[in-house]
>>> print(open('upload-v7.cif').read())   # mmCIF, C-alpha atoms
data_data
#
loop_
_atom_site.group_PDB
_atom_site.id
_atom_site.type_symbol
_atom_site.label_atom_id
_atom_site.label_comp_id
_atom_site.auth_asym_id
_atom_site.auth_seq_id
_atom_site.Cartn_x
_atom_site.Cartn_y
_atom_site.Cartn_z
ATOM 1 C CA CYS A 1 0.000 0.000 0.000
ATOM 2 C CA TYR A 2 2.944 2.350 0.552
ATOM 3 C CA THR A 3 4.978 1.640 -2.591
ATOM 4 C CA GLY A 4 2.659 0.238 -5.268
ATOM 5 C CA ILE A 5 5.154 -2.543 -5.973
ATOM 6 C CA SER A 6 3.663 -5.869 -7.085
ATOM 7 C CA PHE A 7 4.107 -9.024 -5.001
ATOM 8 C CA VAL A 8 6.560 -10.674 -7.384
ATOM 9 C CA ASP A 9 8.775 -7.582 -7.386
ATOM 10 C CA ILE A 10 8.570 -6.837 -3.668
ATOM 11 C CA LYS A 11 9.475 -10.363 -2.577
ATOM 12 C CA ASN A 12 12.766 -10.163 -4.510
ATOM 13 C CA LEU A 13 13.921 -6.825 -3.071
ATOM 14 C CA THR A 14 17.317 -6.825 -1.349
ATOM 15 C CA ASN A 15 19.473 -4.148 0.271
ATOM 16 C CA LYS A 16 20.926 -3.482 -3.194
ATOM 17 C CA ASN A 17 17.511 -2.128 -4.204
ATOM 18 C CA VAL A 18 17.521 0.532 -1.457
ATOM 19 C CA TRP A 19 19.651 3.640 -1.867
ATOM 20 C CA ILE A 20 19.843 7.248 -0.778
ATOM 21 C CA GLY A 21 18.139 8.984 -3.675
ATOM 22 C CA ASP A 22 18.480 12.680 -2.976
ATOM 23 C CA ASP A 23 20.464 15.345 -1.146
ATOM 24 C CA GLU A 24 18.114 15.149 1.847
ATOM 25 C CA GLY A 25 19.118 11.569 2.642
ATOM 26 C CA ASN A 26 15.773 10.015 1.741
ATOM 27 C CA LYS A 27 15.728 6.320 0.918
ATOM 28 C CA TRP A 28 14.484 5.132 -2.439
ATOM 29 C CA ILE A 29 13.728 1.699 -3.864
ATOM 30 C CA THR A 30 14.785 0.908 -7.388
ATOM 31 C CA THR A 31 14.023 -2.309 -9.229
ATOM 32 C CA VAL A 32 12.949 -3.639 -12.602
ATOM 33 C CA ARG A 33 9.358 -4.870 -12.861
ATOM 34 C CA GLN A 34 9.303 -8.518 -13.778
ATOM 35 C CA LYS A 35 6.036 -8.181 -15.728
ATOM 36 C CA THR A 36 7.007 -5.262 -17.998
ATOM 37 C CA ASN A 37 10.799 -5.139 -17.634
ATOM 38 C CA THR A 38 10.350 -1.460 -16.718
ATOM 39 C CA LYS A 39 12.712 0.200 -14.244
ATOM 40 C CA ILE A 40 10.965 1.822 -11.303
ATOM 41 C CA LYS A 41 12.341 4.256 -8.720
ATOM 42 C CA ILE A 42 10.223 5.017 -5.679
ATOM 43 C CA PRO A 43 10.986 7.316 -2.752
ATOM 44 C CA LEU A 44 10.053 5.486 0.443
ATOM 45 C CA LEU A 45 7.239 6.889 2.516
ATOM 46 C CA PHE A 46 7.991 6.972 6.244
ATOM 47 C CA ARG A 47 5.632 4.071 7.037
ATOM 48 C CA ALA A 48 7.200 1.879 4.321
ATOM 49 C CA GLU A 49 10.640 2.589 5.747
ATOM 50 C CA GLN A 50 9.391 1.633 9.224
ATOM 51 C CA ILE A 51 8.155 -1.712 7.873
ATOM 52 C CA LEU A 52 11.510 -2.418 6.217
ATOM 53 C CA ASN A 53 13.336 -1.494 9.433
ATOM 54 C CA LYS A 54 11.107 -3.880 11.384
ATOM 55 C CA TYR A 55 12.317 -6.836 9.305
ATOM 56 C CA GLU A 56 15.949 -5.736 9.016
ATOM 57 C CA ARG A 57 17.143 -8.271 11.611
ATOM 58 C CA HIS A 58 14.461 -10.906 11.026
ATOM 59 C CA PRO A 59 16.022 -14.407 10.845
ATOM 60 C CA VAL A 60 14.473 -15.125 7.428
ATOM 61 C CA THR A 61 15.710 -11.867 5.880
ATOM 62 C CA GLN A 62 19.149 -12.412 7.413
ATOM 63 C CA VAL A 63 19.426 -15.790 5.651
ATOM 64 C CA SER A 64 17.673 -14.908 2.371
ATOM 65 C CA GLY A 65 19.146 -11.435 1.940
ATOM 66 C CA THR A 66 15.706 -10.087 1.026
ATOM 67 C CA LEU A 67 14.183 -6.993 2.612
ATOM 68 C CA LEU A 68 11.066 -8.868 3.713
ATOM 69 C CA PRO A 69 10.450 -12.477 4.795
ATOM 70 C CA SER A 70 9.553 -14.404 1.667
ATOM 71 C CA ILE A 71 6.273 -16.295 1.374
ATOM 72 C CA THR A 72 4.210 -17.200 -1.667
ATOM 73 C CA ASN A 73 1.568 -14.888 -3.085
ATOM 74 C CA GLU A 74 -1.027 -17.558 -2.311
ATOM 75 C CA LYS A 75 0.071 -17.694 1.341
ATOM 76 C CA ALA A 76 0.024 -13.884 1.594
ATOM 77 C CA ASN A 77 -3.515 -13.852 0.172
ATOM 78 C CA LEU A 78 -4.559 -16.581 2.620
ATOM 79 C CA TYR A 79 -3.234 -14.491 5.535
ATOM 80 C CA LEU A 80 -5.098 -11.446 4.209
ATOM 81 C CA LYS A 81 -8.297 -13.494 3.995
ATOM 82 C CA GLU A 82 -7.852 -14.650 7.614
ATOM 83 C CA ILE A 83 -7.224 -11.082 8.776
ATOM 84 C CA ALA A 84 -10.272 -9.820 6.855
ATOM 85 C CA THR A 85 -12.456 -12.495 8.448
ATOM 86 C CA GLU A 86 -11.073 -11.706 11.905
ATOM 87 C CA VAL A 87 -11.850 -7.984 11.641
ATOM 88 C CA GLY A 88 -15.165 -8.375 9.817
ATOM 89 C CA ILE A 89 -14.170 -7.226 6.326
ATOM 90 C CA GLU A 90 -16.368 -9.020 3.804
ATOM 91 C CA LYS A 91 -14.213 -8.135 0.794
ATOM 92 C CA ASN A 92 -11.905 -10.778 -0.684
ATOM 93 C CA LEU A 93 -8.562 -9.086 0.049
ATOM 94 C CA THR A 94 -5.541 -9.909 -2.100
ATOM 95 C CA PHE A 95 -1.972 -8.648 -2.132
ATOM 96 C CA HIS A 96 -2.579 -7.132 -5.577
ATOM 97 C CA MET A 97 -5.208 -4.853 -4.010
ATOM 98 C CA ALA A 98 -2.314 -3.081 -2.279
ATOM 99 C CA ARG A 99 -1.215 -1.778 -5.701
ATOM 100 C CA HIS A 100 -4.722 -0.467 -6.349
ATOM 101 C CA THR A 101 -4.839 1.054 -2.858
ATOM 102 C CA PHE A 102 -1.529 2.808 -3.442
ATOM 103 C CA ALA A 103 -2.641 4.133 -6.830
ATOM 104 C CA THR A 104 -6.057 5.331 -5.691
ATOM 105 C CA THR A 105 -6.148 5.973 -1.938
ATOM 106 C CA VAL A 106 -2.517 6.882 -1.309
ATOM 107 C CA ALA A 107 -1.485 8.587 -4.547
ATOM 108 C CA LEU A 108 -4.311 9.866 -6.776
ATOM 109 C CA SER A 109 -6.705 10.868 -3.998
ATOM 110 C CA ASN A 110 -3.905 12.869 -2.375
ATOM 111 C CA GLY A 111 -3.284 14.868 -5.531
ATOM 112 C CA MET A 112 -0.362 12.978 -7.080
ATOM 113 C CA PRO A 113 -0.389 13.541 -10.857
ATOM 114 C CA ILE A 114 -1.386 10.491 -12.888
ATOM 115 C CA GLU A 115 1.914 10.659 -14.803
ATOM 116 C CA THR A 116 3.840 10.256 -11.540
ATOM 117 C CA VAL A 117 1.617 7.385 -10.408
ATOM 118 C CA SER A 118 2.152 5.706 -13.784
ATOM 119 C CA LYS A 119 5.926 6.029 -13.444
ATOM 120 C CA ILE A 120 5.931 4.677 -9.868
ATOM 121 C CA LEU A 121 3.746 1.711 -10.824
ATOM 122 C CA GLY A 122 6.015 0.970 -13.775
ATOM 123 C CA HIS A 123 3.239 1.077 -16.335
ATOM 124 C CA SER A 124 4.519 1.180 -19.888
ATOM 125 C CA LYS A 125 1.373 3.070 -20.986
ATOM 126 C CA ILE A 126 -0.457 5.795 -19.091
ATOM 127 C CA THR A 127 -3.763 4.278 -20.274
ATOM 128 C CA THR A 128 -3.128 1.432 -17.833
ATOM 129 C CA THR A 129 -2.886 3.941 -14.988
ATOM 130 C CA GLN A 130 -6.028 5.715 -16.194
ATOM 131 C CA ILE A 131 -7.968 2.613 -15.120
ATOM 132 C CA TYR A 132 -7.161 3.616 -11.535
ATOM 133 C CA ALA A 133 -8.299 7.171 -12.258
ATOM 134 C CA ARG A 134 -11.621 5.760 -13.495
ATOM 135 C CA VAL A 135 -11.885 3.889 -10.228
ATOM 136 C CA MET A 136 -11.351 7.233 -8.537
ATOM 137 C CA ASP A 137 -14.145 8.770 -10.647
ATOM 138 C CA HIS A 138 -16.441 5.964 -9.513
ATOM 139 C CA LYS A 139 -15.433 6.592 -5.895
ATOM 140 C CA ILE A 140 -15.966 10.325 -6.334
ATOM 141 C CA LYS A 141 -19.453 9.676 -7.760
ATOM 142 C CA SER A 142 -20.254 7.300 -4.904
ATOM 143 C CA ASP A 143 -19.053 9.820 -2.319
ATOM 144 C CA MET A 144 -21.016 12.645 -3.963
ATOM 145 C CA ASP A 145 -24.138 10.454 -3.970
ATOM 146 C CA ALA A 146 -23.667 9.924 -0.226
ATOM 147 C CA VAL A 147 -23.275 13.697 0.274
ATOM 148 C CA GLN A 148 -26.426 14.326 -1.794
ATOM 149 C CA LYS A 149 -28.326 11.800 0.322
ATOM 150 C CA ARG A 150 -27.242 13.576 3.521
ATOM 151 C CA LEU A 151 -28.159 16.984 2.050
ATOM 152 C CA ASN A 152 -31.576 15.657 1.002
ATOM 153 C CA GLU A 153 -32.151 14.337 4.532
ATOM 154 C CA LYS A 154 -31.162 17.689 6.060
ATOM 155 C CA ALA A 155 -33.449 19.542 3.624
ATOM 156 C CA ARG A 156 -36.307 17.193 4.546
ATOM 157 C CA GLN A 157 -35.674 17.822 8.258
ATOM 158 C CA LEU A 158 -35.620 21.601 7.675
ATOM 159 C CA GLU A 159 -38.920 21.415 5.788
ATOM 160 C CA GLU A 160 -40.453 19.414 8.646
ATOM 161 C CA GLU A 161 -39.176 21.989 11.154
ATOM 162 C CA LYS A 162 -40.559 24.874 9.048
ATOM 163 C CA GLU A 163 -43.914 23.098 8.787
ATOM 164 C CA LEU A 164 -43.963 22.532 12.558
ATOM 165 C CA ILE A 165 -43.173 26.213 13.229
ATOM 166 C CA HIS A 166 -45.919 27.251 10.792
ATOM 167 C CA LEU A 167 -48.443 24.966 12.533
ATOM 168 C CA ARG A 168 -47.466 26.362 15.932
ATOM 169 C CA GLU A 169 -47.911 29.921 14.654
ATOM 170 C CA LYS A 170 -51.353 29.043 13.243
ATOM 171 C CA ILE A 171 -52.434 27.499 16.560
ATOM 172 C CA ILE A 172 -51.164 30.492 18.537
ATOM 173 C CA ALA A 173 -52.949 32.876 16.151
ATOM 174 C CA ALA A 174 -56.169 30.849 16.395
ATOM 175 C CA GLU A 175 -55.994 30.792 20.191
ATOM 176 C CA LYS A 176 -55.461 34.550 20.542
ATOM 177 C CA ILE A 177 -58.385 35.879 22.459
ATOM 178 C CA ASN A 178 -59.199 39.542 22.776
ATOM 179 C CA TYR A 179 -59.604 39.716 26.550
ATOM 180 C CA SER A 180 -60.512 43.396 26.436
ATOM 181 C CA LEU A 181 -63.846 42.556 24.814
ATOM 182 C CA MET A 182 -64.786 39.879 27.399
ATOM 183 C CA THR A 183 -67.217 40.422 30.205
ATOM 184 C CA LYS A 184 -66.276 39.792 33.828
ATOM 185 C CA GLU A 185 -68.137 36.475 33.801
ATOM 186 C CA GLU A 186 -66.362 35.368 30.615
ATOM 187 C CA LEU A 187 -62.989 36.305 32.103
ATOM 188 C CA LEU A 188 -63.687 34.347 35.318
ATOM 189 C CA LYS A 189 -64.876 31.356 33.293
ATOM 190 C CA ARG A 190 -61.693 31.485 31.198
ATOM 191 C CA LEU A 191 -59.582 31.747 34.367
ATOM 192 C CA ASN A 192 -61.309 28.667 35.829
ATOM 193 C CA VAL A 193 -60.587 26.692 32.612
ATOM 194 C CA LEU A 194 -56.935 27.683 32.774
ATOM 195 C CA ASN A 195 -56.678 26.731 36.469
ATOM 196 C CA GLU A 196 -58.141 23.259 35.973
#
>>> encode(input="upload-v7.cif", output="structure tokens")
Amino acid sequence: CYTGISFVDIKNLTNKNVWIGDDEGNKWITTVRQKTNTKIKIPLLFRAEQILNKYERHPVTQVSGTLLPSITNEKANLYLKEIATEVGIEKNLTFHMARHTFATTVALSNGMPIETVSKILGHSKITTTQIYARVMDHKIKSDMDAVQKRLNEKARQLEEEKELIHLREKIIAAEKINYSLMTKEELLKRLNVLNE
């Protein structure tokens, strides 16, 4: 979710793939995508760097030389399914969804230009990346529909409140009695009704 790297490429990463990529000392990952043979260079987000640091001295990474403990894609997907079940997520989670999450939730929805997302994902054509942008359009439409629903509900509540105020005003106006025109007997009778 923090790099957009596919499972097959991430499982083969070693320390040779991590380097200081700028004058500020930020770490970058560089690798060649197995699927497209495209070179990718990605600055590491802080959370991604924390995850790599967590596994730096892991026994499996020490032996294998990889940045992360290596399991199969199937096993990773099985773990994700177990986690989803445990926390009540009804979606069929897969490792590949992390790429989609990076492209949409992490990158595009935070204003990253589609050209940059395309480069990070290692897409050979920007049209491939535009699929993620369409997903974003769908999400935008869904979110706007939810906003419209809330606005409609608020408008309905306001109309009900206005109608209630209008009814109250009508009742008050209807109940207004001109006491100055009443006789003493009528006033006493009215007072008795109010005291009951």
>>> closest_residue(input="upload-v7.cif", among="A:Thr36, A:Asn92, A:Asn26, A:Asn12", to="A:Ser70", atoms="all atoms listed in the file")
A:Asn12
>>> residues_around(input="upload-v7.cif", residues="A:Thr31", least_positions_apart="5", cutoff="7 Å", atoms="all atoms listed in the file", output="VMD selection string")
chain A and resid 17 39 to 41
>>> write_last_selection(input="upload-v7.cif", atoms="C-alpha atoms", output="mmCIF file, in the frame of the given file")
data_model
loop_
_atom_site.group_PDB
_atom_site.id
_atom_site.type_symbol
_atom_site.label_atom_id
_atom_site.label_comp_id
_atom_site.auth_asym_id
_atom_site.auth_seq_id
_atom_site.Cartn_x
_atom_site.Cartn_y
_atom_site.Cartn_z
ATOM 1 C CA ASN A 17 17.511 -2.128 -4.204
ATOM 2 C CA LYS A 39 12.712 0.200 -14.244
ATOM 3 C CA ILE A 40 10.965 1.822 -11.303
ATOM 4 C CA LYS A 41 12.341 4.256 -8.720
#
>>> resolve_selection(input="upload-v7.cif", expression="the PyMOL selection byres ((chain A and resi 65) around 10)", output="ChimeraX atom specification")
/A:12-16,56,59-64,66-69
>>> resolve_selection(input="upload-v7.cif", expression="the PyMOL selection byres ((chain A and resi 115-129) around 12)", output="ChimeraX atom specification")
/A:1-6,9,28-44,98-114,130-136
>>> atom_distance(input="upload-v7.cif", atom1="atom CA of A:Asp145", atom2="atom CA of A:Leu93")
25.3 Å
>>> atom_distance(input="upload-v7.cif", atom1="atom CA of A:Asn53", atom2="atom CA of A:Gly25")
15.8 Å
>>> resolve_selection(input="upload-v7.cif", expression="the PyMOL selection byres ((chain A and resi 76) around 12)", output="PDB file with C-alpha atoms, keeping the file's coordinate frame")
ATOM      1  CA  PHE A   7       4.107  -9.024  -5.001  1.00  0.00           C
ATOM      2  CA  VAL A   8       6.560 -10.674  -7.384  1.00  0.00           C
ATOM      3  CA  LYS A  11       9.475 -10.363  -2.577  1.00  0.00           C
ATOM      4  CA  PRO A  69      10.450 -12.477   4.795  1.00  0.00           C
ATOM      5  CA  SER A  70       9.553 -14.404   1.667  1.00  0.00           C
ATOM      6  CA  ILE A  71       6.273 -16.295   1.374  1.00  0.00           C
ATOM      7  CA  THR A  72       4.210 -17.200  -1.667  1.00  0.00           C
ATOM      8  CA  ASN A  73       1.568 -14.888  -3.085  1.00  0.00           C
ATOM      9  CA  GLU A  74      -1.027 -17.558  -2.311  1.00  0.00           C
ATOM     10  CA  LYS A  75       0.071 -17.694   1.341  1.00  0.00           C
ATOM     11  CA  ASN A  77      -3.515 -13.852   0.172  1.00  0.00           C
ATOM     12  CA  LEU A  78      -4.559 -16.581   2.620  1.00  0.00           C
ATOM     13  CA  TYR A  79      -3.234 -14.491   5.535  1.00  0.00           C
ATOM     14  CA  LEU A  80      -5.098 -11.446   4.209  1.00  0.00           C
ATOM     15  CA  LYS A  81      -8.297 -13.494   3.995  1.00  0.00           C
ATOM     16  CA  GLU A  82      -7.852 -14.650   7.614  1.00  0.00           C
ATOM     17  CA  ILE A  83      -7.224 -11.082   8.776  1.00  0.00           C
ATOM     18  CA  LEU A  93      -8.562  -9.086   0.049  1.00  0.00           C
ATOM     19  CA  THR A  94      -5.541  -9.909  -2.100  1.00  0.00           C
ATOM     20  CA  PHE A  95      -1.972  -8.648  -2.132  1.00  0.00           C
ATOM     21  CA  HIS A  96      -2.579  -7.132  -5.577  1.00  0.00           C
ATOM     22  CA  MET A  97      -5.208  -4.853  -4.010  1.00  0.00           C
ATOM     23  CA  ALA A  98      -2.314  -3.081  -2.279  1.00  0.00           C
TER      24      ALA A  98
END
>>> atom_distance(input="upload-v7.cif", atom1="atom CA of A:Gln50", atom2="atom CA of A:Glu24")
17.7 Å
>>> closest_residue(input="upload-v7.cif", among="A:Leu52, A:Glu186, A:Ile10, A:Ile89", to="A:Lys27", atoms="all atoms listed in the file")
A:Leu52
